[in-house]
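Colleague: Sharing a structure below in structure tokens format, with a few things to ask.
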Amino acid sequence: MTVRIGIVGGGQLARMMIGPAVEIGIEPRVLAEEPAMSAALAAVAVGDYRDLDTVLAFTRDVDVLTFDHEHVPQAVLRALVEAGVAVHPGPDALQYAQDKLVMRAGLDELGLPQPDWAAVTDAAGLQAFLDDHGGRAVVKTPRGGYDGKGVRVVSAGTEAADWFAALAEDANGGSLLVEELVDFTRELAQQVARRPSGQIAVYPVVETVQRGGVCAEVIAPAPRSAGRVADEAERIGVTVAEGLGVTGMLAVELFETADERVLVNELAMRPHNSGHWTQDGAVTSQFEQHLRAVADLPLGSTEPTAAWSAMINVLGGPAGAAMTDRLAQAMAEHPRAKIHTYGKAPRPGRKVGHVNVAGADLDDVVYEARAAAAAFD
Ligand code: ADP
């Protein structure tokens, strides 16, 4: 019997699940926010994922429900579970990816290493945290942030006044998250897949480079990570997946410090930008793995198929040229590069695609991937 997997959200993550779904005989069905989105090819419905009736109607013809993003409200998720829908990841797990304060409390309960943090409700509370942490800290809005939006480095309690004011108007009330400013040497990401029945598959830890709060490059596996760092990243990933009951793909964003500590930055419970390299550099891509996991099918091997992989994101530029305009030339000049396009309008700074290169030599792989991505600049 063909398994029908419903995906809420029509972005590039949903789009990149379509090919693998077709390959393994799963029928992908997307609920898109708007027509003509990235995953339009598999969109069977267009509507508001915050509206229970819309999502319920969509789930009538699917066997399992999963997500392109983490924004479906808890009330909707819980009503779906109540109605008997198989939701993966489920609301109990997803809450930790939806709210950074809930996440910090949950990670403390699991005893995992993370930056010092506090919930603050006003400038005085923020100032008190600053006084205890060397005068600088990172303030975050607990919900709805992405690509560095909702993250701010501050050195005075008054510097988050606008966010406190916005919270005061929020009917739910609430607090801001403040964290110590971690002096990290690099950022890492650990991906783990977990089935509802408990099977787990662990990918190699990768190095991620962000520019302007946006993921720019990923190197897999993370150079100089073999041994303690890789073991600790894996331990953290598995502990989060099991401890929070995650189903599907989990990404744990990590900071590595000069004294080789690994601290959790944040969680994503879906395929993640740090795992795009697996499409062309691992036996099982994160997109196929996510589908297998949420459908409770046996997981595939996470083994790399080359010594090194590099992933470079392509961002929209001011010229507004579509990736497809440059595609033929980039393909001609970089036949080793695997080019992925998201079919999105190229607004400046917006992720519109990425390039993967895999091979035996790290410098060569990074150079080739950067060159191929630059063909779209
Ligand atoms: P988003 O949800 O927008 O991705 P993150 O919480 O991942 O936000 O933060 C975005 C980036 O800001 C991180 O990748 C990291 O570079 C930086 N950052 C976040 N928290 C801290 C921290 N506590 N100390 C230092 N840098 C941080």
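A note on labels: chains of the structure tokens are A, B, ... as shown, every chain counts residues from 1, and ligands are counted from 1 in their shown order.
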Residues within 10 Å of Asp92 in chain A, please, as a tab-separated table (two decimals) with N, CA, C and O atoms, in the first residue's frame. Count only C-alpha atoms; anything in the same chain fewer than 4 positions from it doesn't count.
Modeller:
```
chain	number	residue	atom	x	y	z
A	74	GLN	N	0.46	24.88	18.66
A	74	GLN	CA	0.24	23.72	19.53
A	74	GLN	C	-1.24	23.31	19.57
A	74	GLN	O	-1.54	22.11	19.54
A	77	LEU	N	-1.98	21.31	16.53
A	77	LEU	CA	-1.30	20.01	16.57
A	77	LEU	C	-2.01	19.06	17.52
A	77	LEU	O	-2.23	17.88	17.20
A	78	ARG	N	-2.39	19.57	18.69
A	78	ARG	CA	-3.01	18.70	19.70
A	78	ARG	C	-4.40	18.25	19.24
A	78	ARG	O	-4.80	17.10	19.47
A	96	TYR	N	9.57	22.05	21.85
A	96	TYR	CA	10.95	22.42	22.16
A	96	TYR	C	11.64	23.10	20.97
A	96	TYR	O	12.68	23.72	21.14
A	244	LEU	N	13.54	14.00	24.21
A	244	LEU	CA	12.38	14.84	23.87
A	244	LEU	C	11.39	14.09	22.99
A	244	LEU	O	10.38	14.65	22.58
A	245	GLY	N	11.67	12.83	22.68
A	245	GLY	CA	10.74	12.03	21.88
A	245	GLY	C	10.58	12.53	20.45
A	245	GLY	O	9.49	12.53	19.88
A	246	VAL	N	11.70	12.94	19.84
A	246	VAL	CA	11.64	13.47	18.47
A	246	VAL	C	11.41	12.32	17.50
A	246	VAL	O	12.00	11.25	17.63
```
Colleague: Skipping near chain neighbours, those fewer than 5 positions away, what residues fall within 12 Å of Ala21 in chain A using only C-alpha atoms, listed as a list in words?
Modeller: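 Returned residues: Thr2, Val3, Arg4, Ile5, Gly6, Ile7, Ala14, Arg15, Met16, Ile26, Glu27, Pro28, Arg29, Ala42, Ser285, Gln286, Phe287, Glu288, Gln289, His290, Leu291, Arg292, Val294 and Ala295 of chain A.
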Colleague: Given the selection you just returned, output its residues as a file containing N, CA and C atoms, formatted as a PDB file, in the first residue's frame.
Modeller:
```pdb
ATOM      1  N   THR A   2       0.562   2.162  -0.868  1.00  0.00           N
ATOM      2  CA  THR A   2       1.352   3.396  -0.933  1.00  0.00           C
ATOM      3  C   THR A   2       1.088   4.267   0.286  1.00  0.00           C
ATOM      4  N   VAL A   3       2.154   4.663   0.957  1.00  0.00           N
ATOM      5  CA  VAL A   3       2.012   5.566   2.101  1.00  0.00           C
ATOM      6  C   VAL A   3       1.910   6.993   1.578  1.00  0.00           C
ATOM      7  N   ARG A   4       0.905   7.712   2.065  1.00  0.00           N
ATOM      8  CA  ARG A   4       0.745   9.113   1.670  1.00  0.00           C
ATOM      9  C   ARG A   4       1.216   9.994   2.828  1.00  0.00           C
ATOM     10  N   ILE A   5       2.236  10.797   2.555  1.00  0.00           N
ATOM     11  CA  ILE A   5       2.763  11.671   3.606  1.00  0.00           C
ATOM     12  C   ILE A   5       2.355  13.105   3.314  1.00  0.00           C
ATOM     13  N   GLY A   6       1.629  13.693   4.241  1.00  0.00           N
ATOM     14  CA  GLY A   6       1.227  15.091   4.111  1.00  0.00           C
ATOM     15  C   GLY A   6       2.296  15.978   4.727  1.00  0.00           C
ATOM     16  N   ILE A   7       2.684  17.018   3.992  1.00  0.00           N
ATOM     17  CA  ILE A   7       3.706  17.948   4.476  1.00  0.00           C
ATOM     18  C   ILE A   7       3.060  19.324   4.606  1.00  0.00           C
ATOM     19  N   ALA A  14      10.088  21.058   1.875  1.00  0.00           N
ATOM     20  CA  ALA A  14       9.032  20.206   1.312  1.00  0.00           C
ATOM     21  C   ALA A  14       9.378  19.846  -0.126  1.00  0.00           C
ATOM     22  N   ARG A  15       9.842  20.827  -0.896  1.00  0.00           N
ATOM     23  CA  ARG A  15      10.208  20.567  -2.298  1.00  0.00           C
ATOM     24  C   ARG A  15      11.237  19.446  -2.408  1.00  0.00           C
ATOM     25  N   MET A  16      12.242  19.501  -1.510  1.00  0.00           N
ATOM     26  CA  MET A  16      13.321  18.521  -1.615  1.00  0.00           C
ATOM     27  C   MET A  16      12.942  17.144  -1.064  1.00  0.00           C
ATOM     28  N   ILE A  26       6.616   6.671  -1.953  1.00  0.00           N
ATOM     29  CA  ILE A  26       5.751   7.390  -1.013  1.00  0.00           C
ATOM     30  C   ILE A  26       5.077   8.514  -1.787  1.00  0.00           C
ATOM     31  N   GLU A  27       3.811   8.761  -1.503  1.00  0.00           N
ATOM     32  CA  GLU A  27       3.121   9.839  -2.196  1.00  0.00           C
ATOM     33  C   GLU A  27       3.199  11.117  -1.361  1.00  0.00           C
ATOM     34  N   PRO A  28       3.909  12.144  -1.846  1.00  0.00           N
ATOM     35  CA  PRO A  28       3.987  13.383  -1.080  1.00  0.00           C
ATOM     36  C   PRO A  28       2.800  14.286  -1.396  1.00  0.00           C
ATOM     37  N   ARG A  29       2.201  14.851  -0.347  1.00  0.00           N
ATOM     38  CA  ARG A  29       1.079  15.773  -0.547  1.00  0.00           C
ATOM     39  C   ARG A  29       1.335  17.002   0.314  1.00  0.00           C
ATOM     40  N   ALA A  42       3.882  19.348  -5.627  1.00  0.00           N
ATOM     41  CA  ALA A  42       3.168  18.335  -4.832  1.00  0.00           C
ATOM     42  C   ALA A  42       2.045  18.949  -4.004  1.00  0.00           C
ATOM     43  N   SER A 285      19.923  10.527   1.925  1.00  0.00           N
ATOM     44  CA  SER A 285      19.790  11.966   2.147  1.00  0.00           C
ATOM     45  C   SER A 285      18.871  12.211   3.336  1.00  0.00           C
ATOM     46  N   GLN A 286      19.028  13.387   3.942  1.00  0.00           N
ATOM     47  CA  GLN A 286      18.175  13.728   5.088  1.00  0.00           C
ATOM     48  C   GLN A 286      16.700  13.775   4.692  1.00  0.00           C
ATOM     49  N   PHE A 287      16.409  14.049   3.419  1.00  0.00           N
ATOM     50  CA  PHE A 287      15.007  14.159   2.999  1.00  0.00           C
ATOM     51  C   PHE A 287      14.364  12.776   2.914  1.00  0.00           C
ATOM     52  N   GLU A 288      15.097  11.823   2.306  1.00  0.00           N
ATOM     53  CA  GLU A 288      14.595  10.444   2.306  1.00  0.00           C
ATOM     54  C   GLU A 288      14.510   9.919   3.738  1.00  0.00           C
ATOM     55  N   GLN A 289      15.532  10.229   4.537  1.00  0.00           N
ATOM     56  CA  GLN A 289      15.562   9.726   5.914  1.00  0.00           C
ATOM     57  C   GLN A 289      14.374  10.266   6.728  1.00  0.00           C
ATOM     58  N   HIS A 290      14.043  11.533   6.514  1.00  0.00           N
ATOM     59  CA  HIS A 290      12.904  12.116   7.234  1.00  0.00           C
ATOM     60  C   HIS A 290      11.615  11.374   6.887  1.00  0.00           C
ATOM     61  N   LEU A 291      11.430  11.104   5.586  1.00  0.00           N
ATOM     62  CA  LEU A 291      10.229  10.391   5.147  1.00  0.00           C
ATOM     63  C   LEU A 291      10.193   8.983   5.728  1.00  0.00           C
ATOM     64  N   ARG A 292      11.333   8.287   5.658  1.00  0.00           N
ATOM     65  CA  ARG A 292      11.388   6.940   6.243  1.00  0.00           C
ATOM     66  C   ARG A 292      11.043   6.996   7.725  1.00  0.00           C
ATOM     67  N   VAL A 294       9.374   9.295   9.590  1.00  0.00           N
ATOM     68  CA  VAL A 294       8.002   9.641   9.993  1.00  0.00           C
ATOM     69  C   VAL A 294       7.010   8.550   9.574  1.00  0.00           C
ATOM     70  N   ALA A 295       7.369   7.786   8.516  1.00  0.00           N
ATOM     71  CA  ALA A 295       6.512   6.672   8.099  1.00  0.00           C
ATOM     72  C   ALA A 295       6.836   5.401   8.886  1.00  0.00           C
TER      73      ALA A 295
END
```
Colleague: So which residues of range 127-371 of chain A fall under strand (DSSP E) by DSSP, listed as a VMD selection string?
Modeller: chain A and resid 137 to 140 151 to 154 176 to 180 184 to 194 200 to 202 206 to 211 214 to 220 248 to 257 262 to 268 308 to 315 338 to 341 351 to 359
Colleague: With range 216-230 of chain A as the partner and 8 Å as the cut-off, tabulate the residues of range 246-323 of chain A that qualify, each row holding the nearest pair of atoms and their distance in Å to one decimal, using only C-alpha atoms, sorted by chain and rising number, as a Markdown table.
Modeller:
```
| residue | atom | partner | partner_atom | distance |
| --- | --- | --- | --- | --- |
| A:Glu260 | CA | A:Val229 | CA | 7.1 |
| A:Arg261 | CA | A:Val229 | CA | 7.9 |
| A:Val262 | CA | A:Val229 | CA | 7.2 |
| A:Ser274 | CA | A:Val218 | CA | 6.2 |
| A:Trp277 | CA | A:Ala220 | CA | 7.3 |
| A:Trp308 | CA | A:Ala220 | CA | 5.8 |
| A:Ser309 | CA | A:Ala220 | CA | 5.1 |
| A:Ala310 | CA | A:Ile219 | CA | 4.7 |
| A:Met311 | CA | A:Val218 | CA | 5.0 |
| A:Ile312 | CA | A:Glu217 | CA | 4.6 |
| A:Asn313 | CA | A:Ala216 | CA | 5.3 |
```
Colleague: Check which residues fall inside 7 Å of ligand 1 when counting only C-alpha atoms and all ligand atoms, and print them as a compact mmCIF listing (two decimals) with N, CA and C atoms, in the first residue's frame.
Modeller:
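File produced: result01.txt:
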```
# COMPACT_ATOMS: atom_id res chain seq x y z
N PRO A 115 24.61 27.41 26.79
CA PRO A 115 25.01 28.70 27.37
C PRO A 115 24.18 28.99 28.62
N VAL A 138 23.26 37.89 24.58
CA VAL A 138 22.44 37.73 23.37
C VAL A 138 20.98 37.62 23.81
N GLY A 145 11.55 33.27 15.42
CA GLY A 145 12.80 33.75 14.82
C GLY A 145 13.33 32.76 13.79
N TYR A 146 14.05 33.25 12.80
CA TYR A 146 14.77 32.38 11.86
C TYR A 146 15.85 33.21 11.18
N ASP A 147 16.89 32.54 10.71
CA ASP A 147 17.97 33.21 9.99
C ASP A 147 18.46 34.46 10.73
N GLY A 148 18.55 34.39 12.06
CA GLY A 148 19.11 35.49 12.83
C GLY A 148 18.12 36.61 13.14
N LYS A 149 16.91 36.54 12.56
CA LYS A 149 15.90 37.54 12.92
C LYS A 149 15.39 37.14 14.30
N GLY A 150 15.32 38.13 15.22
CA GLY A 150 14.93 37.76 16.58
C GLY A 150 16.12 37.39 17.44
N VAL A 151 17.34 37.76 17.00
CA VAL A 151 18.57 37.56 17.79
C VAL A 151 19.32 38.89 17.82
N GLU A 179 20.87 35.02 26.79
CA GLU A 179 21.92 34.00 26.90
C GLU A 179 23.28 34.68 27.02
N GLU A 180 24.21 33.98 27.67
CA GLU A 180 25.59 34.47 27.67
C GLU A 180 26.08 34.53 26.22
N LEU A 181 26.90 35.51 25.91
CA LEU A 181 27.51 35.62 24.59
C LEU A 181 28.66 34.61 24.53
N VAL A 182 28.45 33.54 23.78
CA VAL A 182 29.45 32.46 23.75
C VAL A 182 30.59 32.85 22.81
N ASP A 183 31.80 32.74 23.31
CA ASP A 183 32.99 33.05 22.50
C ASP A 183 33.39 31.76 21.77
N PHE A 184 32.58 31.40 20.77
CA PHE A 184 32.82 30.10 20.13
C PHE A 184 33.91 30.18 19.07
N GLN A 210 27.95 30.74 9.33
CA GLN A 210 26.84 31.67 9.10
C GLN A 210 27.38 33.04 8.72
N GLY A 213 23.75 35.98 10.11
CA GLY A 213 22.69 35.18 10.71
C GLY A 213 22.14 34.09 9.79
N ASN A 265 23.09 25.33 20.76
CA ASN A 265 22.49 26.63 20.41
C ASN A 265 20.99 26.46 20.21
N GLU A 266 20.59 25.68 19.22
CA GLU A 266 19.15 25.48 19.06
C GLU A 266 18.82 24.20 18.32
```
Colleague: So that I can check the surroundings of Asp131 in chain A, please list as a PyMOL selection string every protein, DNA and RNA residue that reaches within 12 Å of it, counting only C-alpha atoms and ignoring chain neighbours fewer than 4 positions away.
Modeller: chain A and resi 124-127+135-137+154-157+180
Colleague: Could you write those residues out with N, CA, C and O atoms, as a PDB file, in the first residue's frame?
Modeller:
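Everything below was put into part38.pdb:
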```
ATOM      1  N   ALA A 124      15.231  45.830  33.629  1.00  0.00           N
ATOM      2  CA  ALA A 124      15.978  45.613  34.874  1.00  0.00           C
ATOM      3  C   ALA A 124      16.471  44.169  34.957  1.00  0.00           C
ATOM      4  O   ALA A 124      17.617  43.907  35.351  1.00  0.00           O
ATOM      5  N   GLY A 125      15.604  43.248  34.562  1.00  0.00           N
ATOM      6  CA  GLY A 125      15.990  41.830  34.566  1.00  0.00           C
ATOM      7  C   GLY A 125      17.125  41.567  33.597  1.00  0.00           C
ATOM      8  O   GLY A 125      18.066  40.824  33.900  1.00  0.00           O
ATOM      9  N   LEU A 126      17.040  42.198  32.431  1.00  0.00           N
ATOM     10  CA  LEU A 126      18.085  42.029  31.425  1.00  0.00           C
ATOM     11  C   LEU A 126      19.404  42.619  31.925  1.00  0.00           C
ATOM     12  O   LEU A 126      20.472  42.020  31.774  1.00  0.00           O
ATOM     13  N   GLN A 127      19.312  43.802  32.558  1.00  0.00           N
ATOM     14  CA  GLN A 127      20.520  44.454  33.076  1.00  0.00           C
ATOM     15  C   GLN A 127      21.186  43.578  34.155  1.00  0.00           C
ATOM     16  O   GLN A 127      22.413  43.452  34.192  1.00  0.00           O
ATOM     17  N   GLY A 135      28.745  42.063  30.953  1.00  0.00           N
ATOM     18  CA  GLY A 135      28.263  43.277  30.298  1.00  0.00           C
ATOM     19  C   GLY A 135      27.752  43.108  28.876  1.00  0.00           C
ATOM     20  O   GLY A 135      27.265  44.069  28.266  1.00  0.00           O
ATOM     21  N   ARG A 136      27.860  41.898  28.305  1.00  0.00           N
ATOM     22  CA  ARG A 136      27.284  41.667  26.966  1.00  0.00           C
ATOM     23  C   ARG A 136      26.546  40.340  26.972  1.00  0.00           C
ATOM     24  O   ARG A 136      26.948  39.404  27.667  1.00  0.00           O
ATOM     25  N   ALA A 137      25.472  40.269  26.190  1.00  0.00           N
ATOM     26  CA  ALA A 137      24.677  39.042  26.142  1.00  0.00           C
ATOM     27  C   ALA A 137      23.873  39.019  24.846  1.00  0.00           C
ATOM     28  O   ALA A 137      23.829  40.005  24.103  1.00  0.00           O
ATOM     29  N   VAL A 154      23.345  42.585  22.972  1.00  0.00           N
ATOM     30  CA  VAL A 154      23.096  43.839  23.706  1.00  0.00           C
ATOM     31  C   VAL A 154      24.152  44.027  24.790  1.00  0.00           C
ATOM     32  O   VAL A 154      24.772  43.074  25.262  1.00  0.00           O
ATOM     33  N   SER A 155      24.334  45.312  25.168  1.00  0.00           N
ATOM     34  CA  SER A 155      25.240  45.607  26.276  1.00  0.00           C
ATOM     35  C   SER A 155      24.575  46.510  27.312  1.00  0.00           C
ATOM     36  O   SER A 155      25.217  46.981  28.237  1.00  0.00           O
ATOM     37  N   ALA A 156      23.258  46.753  27.133  1.00  0.00           N
ATOM     38  CA  ALA A 156      22.505  47.517  28.147  1.00  0.00           C
ATOM     39  C   ALA A 156      21.081  46.973  28.210  1.00  0.00           C
ATOM     40  O   ALA A 156      20.526  46.539  27.185  1.00  0.00           O
ATOM     41  N   GLY A 157      20.507  47.012  29.408  1.00  0.00           N
ATOM     42  CA  GLY A 157      19.162  46.472  29.621  1.00  0.00           C
ATOM     43  C   GLY A 157      18.106  47.159  28.778  1.00  0.00           C
ATOM     44  O   GLY A 157      17.050  46.590  28.489  1.00  0.00           O
ATOM     45  N   GLU A 180      24.206  33.983  27.675  1.00  0.00           N
ATOM     46  CA  GLU A 180      25.587  34.470  27.669  1.00  0.00           C
ATOM     47  C   GLU A 180      26.078  34.529  26.224  1.00  0.00           C
ATOM     48  O   GLU A 180      25.681  33.701  25.385  1.00  0.00           O
TER      49      GLU A 180
END
```
Colleague: Would you pick out the contacts of Arg336 in chain A at 7 Å or less, using only C-alpha atoms, so that residues sharing its chain but fewer than 2 positions from it are not included, and give the list as a PDB file with N, CA, C and O atoms, in the first residue's frame?
Modeller:
```pdb
ATOM      1  N   HIS A 334      30.868  23.864 -14.355  1.00  0.00           N
ATOM      2  CA  HIS A 334      31.110  23.104 -13.109  1.00  0.00           C
ATOM      3  C   HIS A 334      30.385  21.754 -13.136  1.00  0.00           C
ATOM      4  O   HIS A 334      29.457  21.521 -12.366  1.00  0.00           O
ATOM      5  N   LYS A 338      26.732  19.669  -7.898  1.00  0.00           N
ATOM      6  CA  LYS A 338      25.323  19.296  -7.917  1.00  0.00           C
ATOM      7  C   LYS A 338      24.539  20.556  -7.520  1.00  0.00           C
ATOM      8  O   LYS A 338      24.651  21.050  -6.391  1.00  0.00           O
ATOM      9  N   VAL A 357      29.203  19.756  -3.507  1.00  0.00           N
ATOM     10  CA  VAL A 357      30.300  19.048  -4.178  1.00  0.00           C
ATOM     11  C   VAL A 357      30.865  18.043  -3.183  1.00  0.00           C
ATOM     12  O   VAL A 357      31.069  18.387  -2.010  1.00  0.00           O
TER      13      VAL A 357
END
```
Colleague: Which of these, A:Val352, A:Leu362, A:Met103, A:Ala161, has the shortest distance to Ser38 in chain A once you count only C-alpha atoms?
Modeller: A:Val352
Colleague: What is the distance between CA of Ala372 in chain A and CA of Asp325 in chain A, in Å to one decimal?
Modeller: 14.2 Å
Colleague: Just the number, please: distance in Å from CA of Val206 in chain A to CA of Ile339 in chain A, one decimal.
Modeller: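 These two atoms are separated by 19.9 Å.
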Colleague: Looking at only C-alpha atoms, which of A:Val178, A:Ala165, A:Ala40, A:Ala371 is the one that sits closest to Ala118 in chain A?
Modeller: A:Val178
Colleague: Which of range 312-377 of chain A end up as alpha helix (DSSP H) when DSSP is run on this backbone - answer as a ChimeraX atom specification?
Modeller: /A:323-333,362-374
Colleague: Using N, CA, C and O atoms, can you export the residues from the last selection as a CSV table (one decimal), in the first residue's frame?
Modeller:
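The resulting file, selection_35.csv, is shown below:
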```
chain,number,residue,atom,x,y,z
A,323,MET,N,17.8,31.9,-10.6
A,323,MET,CA,18.9,30.9,-10.7
A,323,MET,C,18.9,30.2,-12.1
A,323,MET,O,19.9,29.9,-12.6
A,324,THR,N,17.7,30.0,-12.5
A,324,THR,CA,17.5,29.3,-13.8
A,324,THR,C,18.2,30.0,-15.0
A,324,THR,O,18.6,29.4,-15.9
A,325,ASP,N,18.2,31.4,-14.9
A,325,ASP,CA,18.9,32.1,-16.0
A,325,ASP,C,20.3,31.8,-16.1
A,325,ASP,O,20.9,31.9,-17.2
A,326,ARG,N,21.0,31.4,-15.0
A,326,ARG,CA,22.4,31.1,-15.1
A,326,ARG,C,22.7,29.6,-15.1
A,326,ARG,O,23.9,29.2,-15.0
A,327,LEU,N,21.7,28.8,-15.0
A,327,LEU,CA,21.8,27.4,-14.8
A,327,LEU,C,22.7,26.7,-15.8
A,327,LEU,O,23.7,26.0,-15.5
A,328,ALA,N,22.4,26.9,-17.1
A,328,ALA,CA,23.2,26.2,-18.2
A,328,ALA,C,24.6,26.6,-18.1
A,328,ALA,O,25.5,25.7,-18.2
A,329,GLN,N,25.0,27.8,-17.9
A,329,GLN,CA,26.4,28.2,-17.9
A,329,GLN,C,27.1,27.6,-16.7
A,329,GLN,O,28.2,27.1,-16.8
A,330,ALA,N,26.4,27.6,-15.5
A,330,ALA,CA,27.0,27.0,-14.3
A,330,ALA,C,27.2,25.5,-14.5
A,330,ALA,O,28.3,25.0,-14.1
A,331,MET,N,26.3,24.9,-15.1
A,331,MET,CA,26.4,23.4,-15.4
A,331,MET,C,27.6,23.2,-16.3
A,331,MET,O,28.3,22.2,-16.1
A,332,ALA,N,27.7,24.0,-17.3
A,332,ALA,CA,28.8,23.8,-18.3
A,332,ALA,C,30.2,24.0,-17.7
A,332,ALA,O,31.1,23.3,-17.9
A,333,GLU,N,30.3,25.0,-16.8
A,333,GLU,CA,31.5,25.3,-16.2
A,333,GLU,C,31.9,24.5,-15.0
A,333,GLU,O,33.1,24.4,-14.6
A,362,LEU,N,39.6,17.9,0.6
A,362,LEU,CA,38.8,19.0,1.3
A,362,LEU,C,38.9,20.3,0.5
A,362,LEU,O,37.9,21.0,0.2
A,363,ASP,N,40.1,20.8,0.3
A,363,ASP,CA,40.3,22.1,-0.3
A,363,ASP,C,39.7,22.1,-1.7
A,363,ASP,O,39.0,23.1,-2.1
A,364,ASP,N,39.8,21.1,-2.4
A,364,ASP,CA,39.3,21.0,-3.8
A,364,ASP,C,37.8,21.0,-3.8
A,364,ASP,O,37.2,21.8,-4.6
A,365,VAL,N,37.2,20.3,-2.9
A,365,VAL,CA,35.7,20.3,-2.8
A,365,VAL,C,35.1,21.6,-2.4
A,365,VAL,O,34.2,22.1,-3.0
A,366,VAL,N,35.8,22.3,-1.4
A,366,VAL,CA,35.3,23.6,-1.0
A,366,VAL,C,35.5,24.6,-2.2
A,366,VAL,O,34.6,25.4,-2.5
A,367,TYR,N,36.6,24.6,-2.8
A,367,TYR,CA,36.9,25.5,-3.9
A,367,TYR,C,35.9,25.4,-5.0
A,367,TYR,O,35.3,26.4,-5.5
A,368,GLU,N,35.6,24.1,-5.4
A,368,GLU,CA,34.7,23.9,-6.5
A,368,GLU,C,33.3,24.3,-6.2
A,368,GLU,O,32.6,24.8,-7.0
A,369,ALA,N,32.9,24.0,-4.9
A,369,ALA,CA,31.5,24.3,-4.5
A,369,ALA,C,31.3,25.8,-4.5
A,369,ALA,O,30.3,26.4,-4.9
A,370,ARG,N,32.4,26.6,-4.0
A,370,ARG,CA,32.3,28.0,-3.9
A,370,ARG,C,32.2,28.6,-5.3
A,370,ARG,O,31.5,29.5,-5.6
A,371,ALA,N,33.1,28.1,-6.2
A,371,ALA,CA,33.1,28.6,-7.6
A,371,ALA,C,31.8,28.4,-8.3
A,371,ALA,O,31.3,29.3,-9.0
A,372,ALA,N,31.2,27.2,-8.1
A,372,ALA,CA,29.9,26.9,-8.8
A,372,ALA,C,28.8,27.8,-8.2
A,372,ALA,O,28.0,28.3,-9.0
A,373,ALA,N,28.8,28.0,-6.9
A,373,ALA,CA,27.8,28.8,-6.3
A,373,ALA,C,28.0,30.3,-6.7
A,373,ALA,O,27.0,31.0,-7.0
A,374,ALA,N,29.2,30.7,-6.9
A,374,ALA,CA,29.5,32.1,-7.3
A,374,ALA,C,29.0,32.4,-8.7
A,374,ALA,O,28.8,33.5,-9.1
```
Colleague: Which one of A:Val44, A:Ala345, A:Val72, A:Leu112 sits closest to Gly317 in chain A if you count only C-alpha atoms?
Modeller: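 Smallest distance to Gly317 in chain A is found for A:Ala345.
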Colleague: Determine the nearest neighbour of Arg211 in chain A from the options A:Gly243, A:Gly134, A:Gly111, A:Gly349, counting only C-alpha atoms.
Modeller: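 Looking only at the distances to Arg211 in chain A, the closest residue turns out to be A:Gly349.
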Colleague: So what do you get for CA of Phe67 in chain A versus CA of Val8 in chain A, distance-wise?
Modeller: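 Between CA of Phe67 in chain A and CA of Val8 in chain A the gap is 4.7 Å.
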Colleague: Give me the residues within 9 Å of His272 in chain A as a ChimeraX atom specification, counting only C-alpha atoms and dropping any in the same chain fewer than 5 places off.
Modeller: /A:13,191,249-251,286
Colleague: Please dump the current selection as an mmCIF file, in the first residue's frame; keep N, CA and C atoms.
Modeller:
```cif
data_model
loop_
_atom_site.group_PDB
_atom_site.id
_atom_site.type_symbol
_atom_site.label_atom_id
_atom_site.label_comp_id
_atom_site.auth_asym_id
_atom_site.auth_seq_id
_atom_site.Cartn_x
_atom_site.Cartn_y
_atom_site.Cartn_z
ATOM 1 N N LEU A 13 12.188 22.870 1.808
ATOM 2 C CA LEU A 13 12.386 21.583 2.483
ATOM 3 C C LEU A 13 11.329 20.590 2.016
ATOM 4 N N GLN A 191 23.049 15.963 13.171
ATOM 5 C CA GLN A 191 21.735 15.472 12.749
ATOM 6 C C GLN A 191 21.538 14.028 13.165
ATOM 7 N N MET A 249 13.624 13.832 11.272
ATOM 8 C CA MET A 249 14.979 14.380 11.364
ATOM 9 C C MET A 249 15.053 15.423 12.472
ATOM 10 N N LEU A 250 16.143 15.371 13.223
ATOM 11 C CA LEU A 250 16.465 16.382 14.238
ATOM 12 C C LEU A 250 17.812 16.992 13.876
ATOM 13 N N ALA A 251 17.911 18.313 13.926
ATOM 14 C CA ALA A 251 19.215 18.981 13.812
ATOM 15 C C ALA A 251 19.476 19.710 15.118
ATOM 16 N N GLN A 286 19.028 13.387 3.942
ATOM 17 C CA GLN A 286 18.175 13.728 5.088
ATOM 18 C C GLN A 286 16.700 13.775 4.692
#
```
Colleague: So that I can check the surroundings of Arg186 in chain A, please list as a count of residues only every protein, DNA and RNA residue that reaches within 8 Å of it, counting only C-alpha atoms and ignoring chain neighbours fewer than 5 positions away.
Modeller: 6
Colleague: Name the closest residue to Arg270 in chain A among the candidates A:Ile236, A:Gly248, A:Leu299, A:Val120; distances are taken between atoms, counting only C-alpha atoms.
Modeller: A:Gly248
Colleague: Residues within 9 Å of Thr305 in chain A, please, as a list in words. Count only C-alpha atoms; anything in the same chain fewer than 4 positions from it doesn't count.
Modeller: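 So, after excluding close chain neighbours, the residues are Asp280, Gly281, Ala282, Val283, Ala358 and Gly359 of chain A.
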Colleague: Between A:Glu303, A:Glu253, A:Glu159, A:Asp53, which one has atoms that come closest to Gln114 in chain A, using only C-alpha atoms?
Modeller: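 Comparing A:Glu303, A:Glu253, A:Glu159, A:Asp53 against Gln114 in chain A, the winner is A:Glu253.
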